[in-house]
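Asks: Quick one: this structure, given as structure tokens, is what I'll be asking you about.
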Amino acid sequence: MRETAYRIALLPGDGTGPEVIRAGRRVLDALSDGAVAPWTLEEYPAGALYYRDHGTEWAPGAEQAARSADAILLGAVGWPGVSLPNGDIAGAGLIFGLRFGLDLYANVRPCRLYPGVRHRVSGQWKEVWTPENVDFVIVRENTEGLYTPIRGALSRGGGTEVAIDTRVITRKGAERVIRYAFDLSRGRGRGAPEDHRRRVTCVDKANVLRGCQFFREVFEEVGAQYPDIEREYAYVDAFTQWMVRNPEHYDVVVTTNMFGDIVTDLAAVLQGGMGFAAGGNIGVEHAMFEPVHGSSPKHAGKNEINPFATFSAIEMLLRWLGERHTDPRMTAHANRVESAIAQVLASGSARTYDQGGTATTSDAGDRVAEAIRSGGRT
Ligand code: IPM
Ligand code: MN
């Protein structure tokens, strides 16, 4: 346990990012409730709009401060029409700069449907999935694959003729993320909702791609060291339909970077929408947590975006600090956030527009903050 306060860097970023971070601050403030918190919050301007206005993605000193913080909470980055001279989205220096620069190799995206959360299919509220059958985690490799900067374009006579993105799978990259997935399954302990068996599913395209065959080989090697956990394989195309039809079968899923990007957005539908999807970018010494929804320009500035993904990201951040520093205080704070989220969602008292309600982003923050202050009593 640490004597000094944890430094938590807040990077609100663009669009709806600042709105969800503002609501998130209310949740964090409620945890300390006037007393001295075991953390300090440092907020830094950065992102695409900062770049548009200042010509750099980070405010002076912000990048260094974020990189040296104990944990980072990111709102969202990106804005239509704002890109870097090399064609990358402005804000890439935050999201990729930190993922790659801090070696945050595991992108951990829980998919859990809370009681009281509704989901829409074909524009209508349906009960296709239930809280009892949606509770798994997708672990996406986060530092290589199609996202590594081994790429290029060939221009001849003023026009682009060829563009190439090379997918890189390394033993180191595969091994550590696969190990993370097996450890996570062990740590969760409860297994898949269907049969309570601990199971790690390797999602790939090993019937076609050499890199995926290699990823499977490494999966087999690492998985053999976890005899208590079932090993399973699924081709990514087939996986998408199984995940939708039988989410209860899954405990932990591990996959390469781009596949993970795609399947986690689909998984968000099962948990009520992108407004509930949180992710942790986790390395050895550093970690960054974020709602997965992005800057959502359409909803920006309206105080209407669903902030629950950010609350779940905060819960993950506190839990990670608790584990990393063996600090039960932080784990207790994470548990308080988790119960408050569950309580408010079950009561239906903070339904934002995406849930068919009228609650604002700040209302949702207030409800969860109140639930924290009252310690589970309503
Ligand atoms: C995500 C996002 C990012 C990604 C974008 C914003 C670059 O879609 O975190 O899933 O592709 O990783
Ligand atoms: Mn994505």
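Quick note on naming: the chains in the structure tokens go A, B, ... in the order shown, residues restart at 1 in each chain, and ligands are numbered from 1 in order of appearance.
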Produce as a PyMOL selection string the set of residues near ligand 2, where near means within 10 Å with only C-alpha atoms and all ligand atoms considered.
Replies: chain A and resi 257-266+292-294
Asks: Just write the chosen residues, C-alpha atoms, as a JSON list (two decimals), in the first residue's frame.
Replies:
[["chain", "number", "residue", "atom", "x", "y", "z"],
["A", 257, "ASN", "CA", -5.92, -6.02, -32.54],
["A", 258, "MET", "CA", -8.23, -5.32, -35.50],
["A", 259, "PHE", "CA", -10.55, -8.28, -34.87],
["A", 260, "GLY", "CA", -10.81, -7.07, -31.28],
["A", 261, "ASP", "CA", -11.72, -3.58, -32.42],
["A", 262, "ILE", "CA", -14.57, -4.92, -34.53],
["A", 263, "VAL", "CA", -16.02, -7.58, -32.26],
["A", 264, "THR", "CA", -16.07, -5.32, -29.19],
["A", 265, "ASP", "CA", -18.39, -2.84, -30.92],
["A", 266, "LEU", "CA", -20.73, -5.72, -31.72],
["A", 292, "VAL", "CA", -15.17, 3.01, -25.98],
["A", 293, "HIS", "CA", -17.78, 5.25, -27.66],
["A", 294, "GLY", "CA", -15.45, 7.94, -28.96]]
Asks: DSSP on the backbone, helix (DSSP H, G or I) only: what residues of segment 114-239 of chain A does that give? Format it as a PyMOL selection string.
Replies: chain A and resi 171-188+210-223+236-239
Asks: If you keep N, CA and C atoms, can you produce a file of those selected residues as a tab-separated table (two decimals), in the first residue's frame?
Replies:
chain	number	residue	atom	x	y	z
A	171	ARG	N	5.81	-13.12	-31.21
A	171	ARG	CA	5.67	-14.06	-30.10
A	171	ARG	C	5.44	-13.30	-28.79
A	172	LYS	N	6.25	-12.26	-28.61
A	172	LYS	CA	6.12	-11.47	-27.37
A	172	LYS	C	4.71	-10.88	-27.23
A	173	GLY	N	4.25	-10.28	-28.33
A	173	GLY	CA	2.93	-9.64	-28.29
A	173	GLY	C	1.82	-10.63	-28.04
A	174	ALA	N	1.89	-11.78	-28.72
A	174	ALA	CA	0.84	-12.79	-28.57
A	174	ALA	C	0.89	-13.40	-27.17
A	175	GLU	N	2.09	-13.76	-26.75
A	175	GLU	CA	2.24	-14.48	-25.49
A	175	GLU	C	1.69	-13.68	-24.31
A	176	ARG	N	2.06	-12.41	-24.24
A	176	ARG	CA	1.67	-11.65	-23.05
A	176	ARG	C	0.17	-11.38	-23.00
A	177	VAL	N	-0.44	-11.16	-24.16
A	177	VAL	CA	-1.87	-10.87	-24.13
A	177	VAL	C	-2.66	-12.15	-23.87
A	178	ILE	N	-2.16	-13.26	-24.36
A	178	ILE	CA	-2.83	-14.55	-24.12
A	178	ILE	C	-2.70	-14.92	-22.64
A	179	ARG	N	-1.52	-14.69	-22.09
A	179	ARG	CA	-1.32	-14.95	-20.66
A	179	ARG	C	-2.27	-14.08	-19.83
A	180	TYR	N	-2.39	-12.82	-20.26
A	180	TYR	CA	-3.30	-11.91	-19.55
A	180	TYR	C	-4.71	-12.50	-19.53
A	181	ALA	N	-5.14	-13.04	-20.68
A	181	ALA	CA	-6.49	-13.60	-20.79
A	181	ALA	C	-6.68	-14.80	-19.86
A	182	PHE	N	-5.70	-15.68	-19.80
A	182	PHE	CA	-5.82	-16.84	-18.91
A	182	PHE	C	-5.82	-16.41	-17.45
A	183	ASP	N	-4.94	-15.46	-17.11
A	183	ASP	CA	-4.92	-14.98	-15.73
A	183	ASP	C	-6.25	-14.32	-15.37
A	184	LEU	N	-6.82	-13.62	-16.34
A	184	LEU	CA	-8.09	-12.95	-16.09
A	184	LEU	C	-9.19	-13.97	-15.83
A	185	SER	N	-9.22	-15.03	-16.62
A	185	SER	CA	-10.22	-16.07	-16.43
A	185	SER	C	-10.08	-16.67	-15.03
A	186	ARG	N	-8.85	-16.91	-14.61
A	186	ARG	CA	-8.60	-17.47	-13.28
A	186	ARG	C	-9.06	-16.48	-12.21
A	187	GLY	N	-8.72	-15.21	-12.42
A	187	GLY	CA	-9.07	-14.18	-11.44
A	187	GLY	C	-10.58	-13.99	-11.32
A	188	ARG	N	-11.29	-14.03	-12.44
A	188	ARG	CA	-12.75	-13.90	-12.40
A	188	ARG	C	-13.35	-15.09	-11.67
A	210	ARG	N	-1.60	-16.71	-41.83
A	210	ARG	CA	-0.43	-17.29	-41.19
A	210	ARG	C	-0.24	-16.72	-39.78
A	211	GLY	N	-0.43	-15.41	-39.65
A	211	GLY	CA	-0.28	-14.75	-38.34
A	211	GLY	C	-1.23	-15.34	-37.31
A	212	CYS	N	-2.42	-15.72	-37.76
A	212	CYS	CA	-3.40	-16.30	-36.84
A	212	CYS	C	-3.02	-17.73	-36.46
A	213	GLN	N	-2.40	-18.43	-37.41
A	213	GLN	CA	-1.93	-19.78	-37.08
A	213	GLN	C	-0.87	-19.68	-35.98
A	214	PHE	N	-0.02	-18.69	-36.10
A	214	PHE	CA	1.02	-18.46	-35.10
A	214	PHE	C	0.40	-18.07	-33.76
A	215	PHE	N	-0.59	-17.18	-33.80
A	215	PHE	CA	-1.28	-16.74	-32.58
A	215	PHE	C	-1.88	-17.97	-31.86
A	216	ARG	N	-2.46	-18.89	-32.63
A	216	ARG	CA	-3.01	-20.12	-32.06
A	216	ARG	C	-1.95	-21.01	-31.45
A	217	GLU	N	-0.83	-21.10	-32.14
A	217	GLU	CA	0.27	-21.92	-31.61
A	217	GLU	C	0.68	-21.41	-30.24
A	218	VAL	N	0.84	-20.10	-30.15
A	218	VAL	CA	1.25	-19.50	-28.88
A	218	VAL	C	0.13	-19.69	-27.84
A	219	PHE	N	-1.11	-19.58	-28.29
A	219	PHE	CA	-2.26	-19.78	-27.40
A	219	PHE	C	-2.21	-21.19	-26.79
A	220	GLU	N	-1.92	-22.15	-27.64
A	220	GLU	CA	-1.85	-23.55	-27.19
A	220	GLU	C	-0.74	-23.72	-26.15
A	221	GLU	N	0.42	-23.14	-26.43
A	221	GLU	CA	1.56	-23.24	-25.51
A	221	GLU	C	1.26	-22.60	-24.16
A	222	VAL	N	0.76	-21.38	-24.20
A	222	VAL	CA	0.48	-20.66	-22.95
A	222	VAL	C	-0.67	-21.35	-22.21
A	223	GLY	N	-1.72	-21.69	-22.97
A	223	GLY	CA	-2.90	-22.29	-22.35
A	223	GLY	C	-2.60	-23.61	-21.66
A	236	VAL	N	-13.09	-15.93	-36.46
A	236	VAL	CA	-13.73	-14.66	-36.10
A	236	VAL	C	-15.09	-14.47	-36.78
A	237	ASP	N	-15.22	-14.92	-38.01
A	237	ASP	CA	-16.52	-14.74	-38.69
A	237	ASP	C	-17.62	-15.54	-37.99
A	238	ALA	N	-17.30	-16.81	-37.68
A	238	ALA	CA	-18.29	-17.63	-36.98
A	238	ALA	C	-18.52	-17.11	-35.56
A	239	PHE	N	-17.46	-16.62	-34.95
A	239	PHE	CA	-17.57	-16.12	-33.57
A	239	PHE	C	-18.62	-15.02	-33.44
Asks: Compare A:Pro247, A:Gly55, A:Ala224, A:Val252 by their minimum atom-to-atom distance to Arg190 of chain A, counting only C-alpha atoms, and give me the closest one.
Replies: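 The shortest atom-to-atom distance to Arg190 of chain A comes from A:Val252.
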Asks: I need the residues in segment 34-162 of chain A that are strand (DSSP E) according to DSSP; give them as a PyMOL selection string.
Replies: chain A and resi 39-43+71-76+106-112+119-121+124-126+135-141+151-156+159-162
Asks: Could you take the residues named above and write them with C-alpha atoms, as a PDB file, in the first residue's frame?
Replies:
ATOM      1  CA  TRP A  39      -5.579  10.122  -5.242  1.00  0.00           C
ATOM      2  CA  THR A  40      -5.186  13.485  -6.915  1.00  0.00           C
ATOM      3  CA  LEU A  41      -6.891  14.362 -10.185  1.00  0.00           C
ATOM      4  CA  GLU A  42      -4.909  16.279 -12.796  1.00  0.00           C
ATOM      5  CA  GLU A  43      -6.766  17.372 -15.911  1.00  0.00           C
ATOM      6  CA  ALA A  71      -3.257   5.851 -14.172  1.00  0.00           C
ATOM      7  CA  ILE A  72      -4.980   7.717 -16.993  1.00  0.00           C
ATOM      8  CA  LEU A  73      -8.663   8.281 -17.673  1.00  0.00           C
ATOM      9  CA  LEU A  74      -9.295   9.276 -21.283  1.00  0.00           C
ATOM     10  CA  GLY A  75     -12.577  10.777 -22.490  1.00  0.00           C
ATOM     11  CA  ALA A  76     -12.426  10.523 -26.263  1.00  0.00           C
ATOM     12  CA  ALA A 106      -3.948  -5.654 -23.314  1.00  0.00           C
ATOM     13  CA  ASN A 107      -7.132  -3.843 -24.272  1.00  0.00           C
ATOM     14  CA  VAL A 108      -9.616  -5.307 -21.823  1.00  0.00           C
ATOM     15  CA  ARG A 109     -13.278  -4.817 -22.672  1.00  0.00           C
ATOM     16  CA  PRO A 110     -15.850  -6.362 -20.351  1.00  0.00           C
ATOM     17  CA  CYS A 111     -19.257  -7.133 -21.832  1.00  0.00           C
ATOM     18  CA  ARG A 112     -21.822  -7.268 -19.078  1.00  0.00           C
ATOM     19  CA  HIS A 119     -31.197  -2.904 -25.644  1.00  0.00           C
ATOM     20  CA  ARG A 120     -32.542  -2.098 -29.035  1.00  0.00           C
ATOM     21  CA  VAL A 121     -32.687  -4.359 -32.068  1.00  0.00           C
ATOM     22  CA  GLN A 124     -37.234  -1.596 -30.960  1.00  0.00           C
ATOM     23  CA  TRP A 125     -36.701  -2.469 -27.337  1.00  0.00           C
ATOM     24  CA  LYS A 126     -36.309  -6.221 -27.128  1.00  0.00           C
ATOM     25  CA  ASP A 135     -21.014 -11.556 -18.664  1.00  0.00           C
ATOM     26  CA  PHE A 136     -17.750 -12.056 -20.483  1.00  0.00           C
ATOM     27  CA  VAL A 137     -14.589 -10.117 -21.286  1.00  0.00           C
ATOM     28  CA  ILE A 138     -12.884  -9.569 -24.617  1.00  0.00           C
ATOM     29  CA  VAL A 139      -9.130  -9.067 -24.435  1.00  0.00           C
ATOM     30  CA  ARG A 140      -7.840  -7.341 -27.535  1.00  0.00           C
ATOM     31  CA  GLU A 141      -4.138  -7.250 -28.364  1.00  0.00           C
ATOM     32  CA  ARG A 151       2.650   0.511 -43.644  1.00  0.00           C
ATOM     33  CA  GLY A 152       3.021   2.727 -46.613  1.00  0.00           C
ATOM     34  CA  ALA A 153       1.641   3.993 -49.871  1.00  0.00           C
ATOM     35  CA  LEU A 154       3.214   4.203 -53.264  1.00  0.00           C
ATOM     36  CA  SER A 155       2.541   7.333 -55.232  1.00  0.00           C
ATOM     37  CA  ARG A 156       3.396   7.641 -58.884  1.00  0.00           C
ATOM     38  CA  GLY A 159      -1.688   9.719 -57.364  1.00  0.00           C
ATOM     39  CA  THR A 160      -1.659   6.923 -54.816  1.00  0.00           C
ATOM     40  CA  GLU A 161      -1.435   3.613 -56.561  1.00  0.00           C
ATOM     41  CA  VAL A 162      -0.834   1.114 -53.793  1.00  0.00           C
TER      42      VAL A 162
END
Asks: Give me, as a list of chain:residue names, all polymer residues having an atom no more than 12 Å from Gly97 of chain A, counting only C-alpha atoms and skipping those fewer than 2 positions away in the same chain.
Replies: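 Listed by chain and then number, they are A:Gly47, A:Glu57, A:Trp58, A:Glu63, A:Gln64, A:Ala66, A:Arg67, A:Asp88, A:Ala90, A:Gly91, A:Ala92, A:Gly93, A:Leu94, A:Ile95, A:Arg99, A:Phe100, A:Gly101, A:Leu102, A:Asp103, A:Leu104, A:Asn142, A:Thr143, A:Tyr147, A:Thr148, A:Pro149, A:Met288.
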Asks: For those residues, write N, CA, C and O atoms to a file as a compact mmCIF listing (two decimals), in the first residue's frame.
Replies:
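That gives us again.txt:
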# COMPACT_ATOMS: atom_id res chain seq x y z
N GLY A 47 -5.81 16.71 -27.60
CA GLY A 47 -6.73 16.06 -28.54
C GLY A 47 -6.79 16.77 -29.88
O GLY A 47 -5.96 17.62 -30.21
N GLU A 57 -0.99 18.47 -30.42
CA GLU A 57 -2.07 17.67 -29.83
C GLU A 57 -2.14 17.79 -28.31
O GLU A 57 -3.18 17.54 -27.71
N TRP A 58 -1.00 18.13 -27.70
CA TRP A 58 -0.93 18.18 -26.24
C TRP A 58 -0.66 19.61 -25.77
O TRP A 58 0.15 20.30 -26.38
N GLU A 63 1.74 15.78 -22.02
CA GLU A 63 2.09 14.41 -22.41
C GLU A 63 2.98 13.77 -21.34
O GLU A 63 2.74 12.63 -20.92
N GLN A 64 3.97 14.51 -20.90
CA GLN A 64 4.89 13.98 -19.89
C GLN A 64 4.14 13.68 -18.60
O GLN A 64 4.35 12.65 -17.96
N ALA A 66 0.96 12.98 -18.24
CA ALA A 66 0.09 11.81 -18.39
C ALA A 66 0.92 10.53 -18.36
O ALA A 66 0.55 9.55 -17.72
N ARG A 67 2.05 10.58 -19.02
CA ARG A 67 2.88 9.37 -19.09
C ARG A 67 3.46 8.98 -17.74
O ARG A 67 3.75 7.81 -17.50
N ASP A 88 -3.07 10.83 -40.33
CA ASP A 88 -3.66 10.18 -39.15
C ASP A 88 -4.70 11.09 -38.53
O ASP A 88 -4.64 12.31 -38.68
N ALA A 90 -6.31 13.43 -35.94
CA ALA A 90 -5.74 14.24 -34.87
C ALA A 90 -6.26 13.68 -33.56
O ALA A 90 -7.44 13.38 -33.43
N GLY A 91 -5.36 13.48 -32.61
CA GLY A 91 -5.72 12.80 -31.37
C GLY A 91 -5.03 11.44 -31.31
O GLY A 91 -4.96 10.82 -30.25
N ALA A 92 -4.50 11.03 -32.46
CA ALA A 92 -3.78 9.74 -32.51
C ALA A 92 -2.60 9.76 -31.53
O ALA A 92 -2.26 8.73 -30.94
N GLY A 93 -2.03 10.94 -31.34
CA GLY A 93 -0.90 11.06 -30.41
C GLY A 93 -1.31 10.71 -28.99
O GLY A 93 -0.47 10.32 -28.17
N LEU A 94 -2.59 10.86 -28.68
CA LEU A 94 -3.05 10.47 -27.34
C LEU A 94 -3.32 8.98 -27.32
O LEU A 94 -2.69 8.21 -26.61
N ILE A 95 -4.27 8.58 -28.16
CA ILE A 95 -4.74 7.19 -28.04
C ILE A 95 -3.64 6.19 -28.43
O ILE A 95 -3.36 5.25 -27.70
N ARG A 99 -1.08 4.15 -26.01
CA ARG A 99 -1.15 2.68 -26.11
C ARG A 99 0.21 2.09 -26.47
O ARG A 99 0.67 1.14 -25.85
N PHE A 100 0.83 2.66 -27.49
CA PHE A 100 2.12 2.11 -27.94
C PHE A 100 3.26 2.61 -27.05
O PHE A 100 4.15 1.86 -26.66
N GLY A 101 3.22 3.92 -26.75
CA GLY A 101 4.33 4.53 -26.00
C GLY A 101 4.47 3.96 -24.59
O GLY A 101 5.58 3.84 -24.08
N LEU A 102 3.35 3.63 -23.97
CA LEU A 102 3.43 3.07 -22.61
C LEU A 102 3.32 1.55 -22.64
O LEU A 102 3.23 0.90 -21.61
N ASP A 103 3.29 0.99 -23.85
CA ASP A 103 3.25 -0.46 -24.03
C ASP A 103 2.04 -1.09 -23.32
O ASP A 103 2.16 -2.08 -22.59
N LEU A 104 0.88 -0.50 -23.56
CA LEU A 104 -0.37 -0.97 -22.92
C LEU A 104 -0.91 -2.11 -23.78
O LEU A 104 -1.76 -1.91 -24.64
N ASN A 142 -3.17 -5.01 -28.17
CA ASN A 142 -3.29 -3.56 -28.29
C ASN A 142 -2.03 -2.85 -28.80
O ASN A 142 -1.99 -1.62 -28.81
N THR A 143 -1.00 -3.60 -29.15
CA THR A 143 0.24 -2.91 -29.55
C THR A 143 0.80 -3.35 -30.89
O THR A 143 1.88 -2.92 -31.29
N TYR A 147 -2.49 -2.48 -36.49
CA TYR A 147 -2.36 -1.11 -35.98
C TYR A 147 -0.91 -0.64 -35.88
O TYR A 147 -0.65 0.49 -35.50
N THR A 148 0.03 -1.52 -36.17
CA THR A 148 1.44 -1.09 -36.05
C THR A 148 1.81 -0.27 -37.27
O THR A 148 1.31 -0.50 -38.37
N PRO A 149 2.71 0.70 -37.10
CA PRO A 149 2.98 1.61 -38.20
C PRO A 149 3.90 1.03 -39.28
O PRO A 149 4.68 1.75 -39.87
N MET A 288 -4.41 2.88 -19.00
CA MET A 288 -5.30 3.98 -19.39
C MET A 288 -6.71 3.40 -19.59
O MET A 288 -6.87 2.38 -20.24
Asks: Neighbours of Trp79 of chain A within 12 Å (only C-alpha atoms; same-chain residues fewer than 2 positions away dropped), as JSON, numbers by chain?
Replies: {"A": [13, 14, 15, 16, 17, 47, 48, 49, 50, 51, 52, 76, 77, 81, 82, 83, 84, 88, 89, 90, 91, 92, 294, 295, 296, 297, 298, 300]}
Asks: How many Å lie between atom CA of Arg198 of chain A and atom CA of Gly275 of chain A, rounded to one decimal?
Replies: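 Taking atom CA of Arg198 of chain A and atom CA of Gly275 of chain A, their separation equals 27.7 Å.
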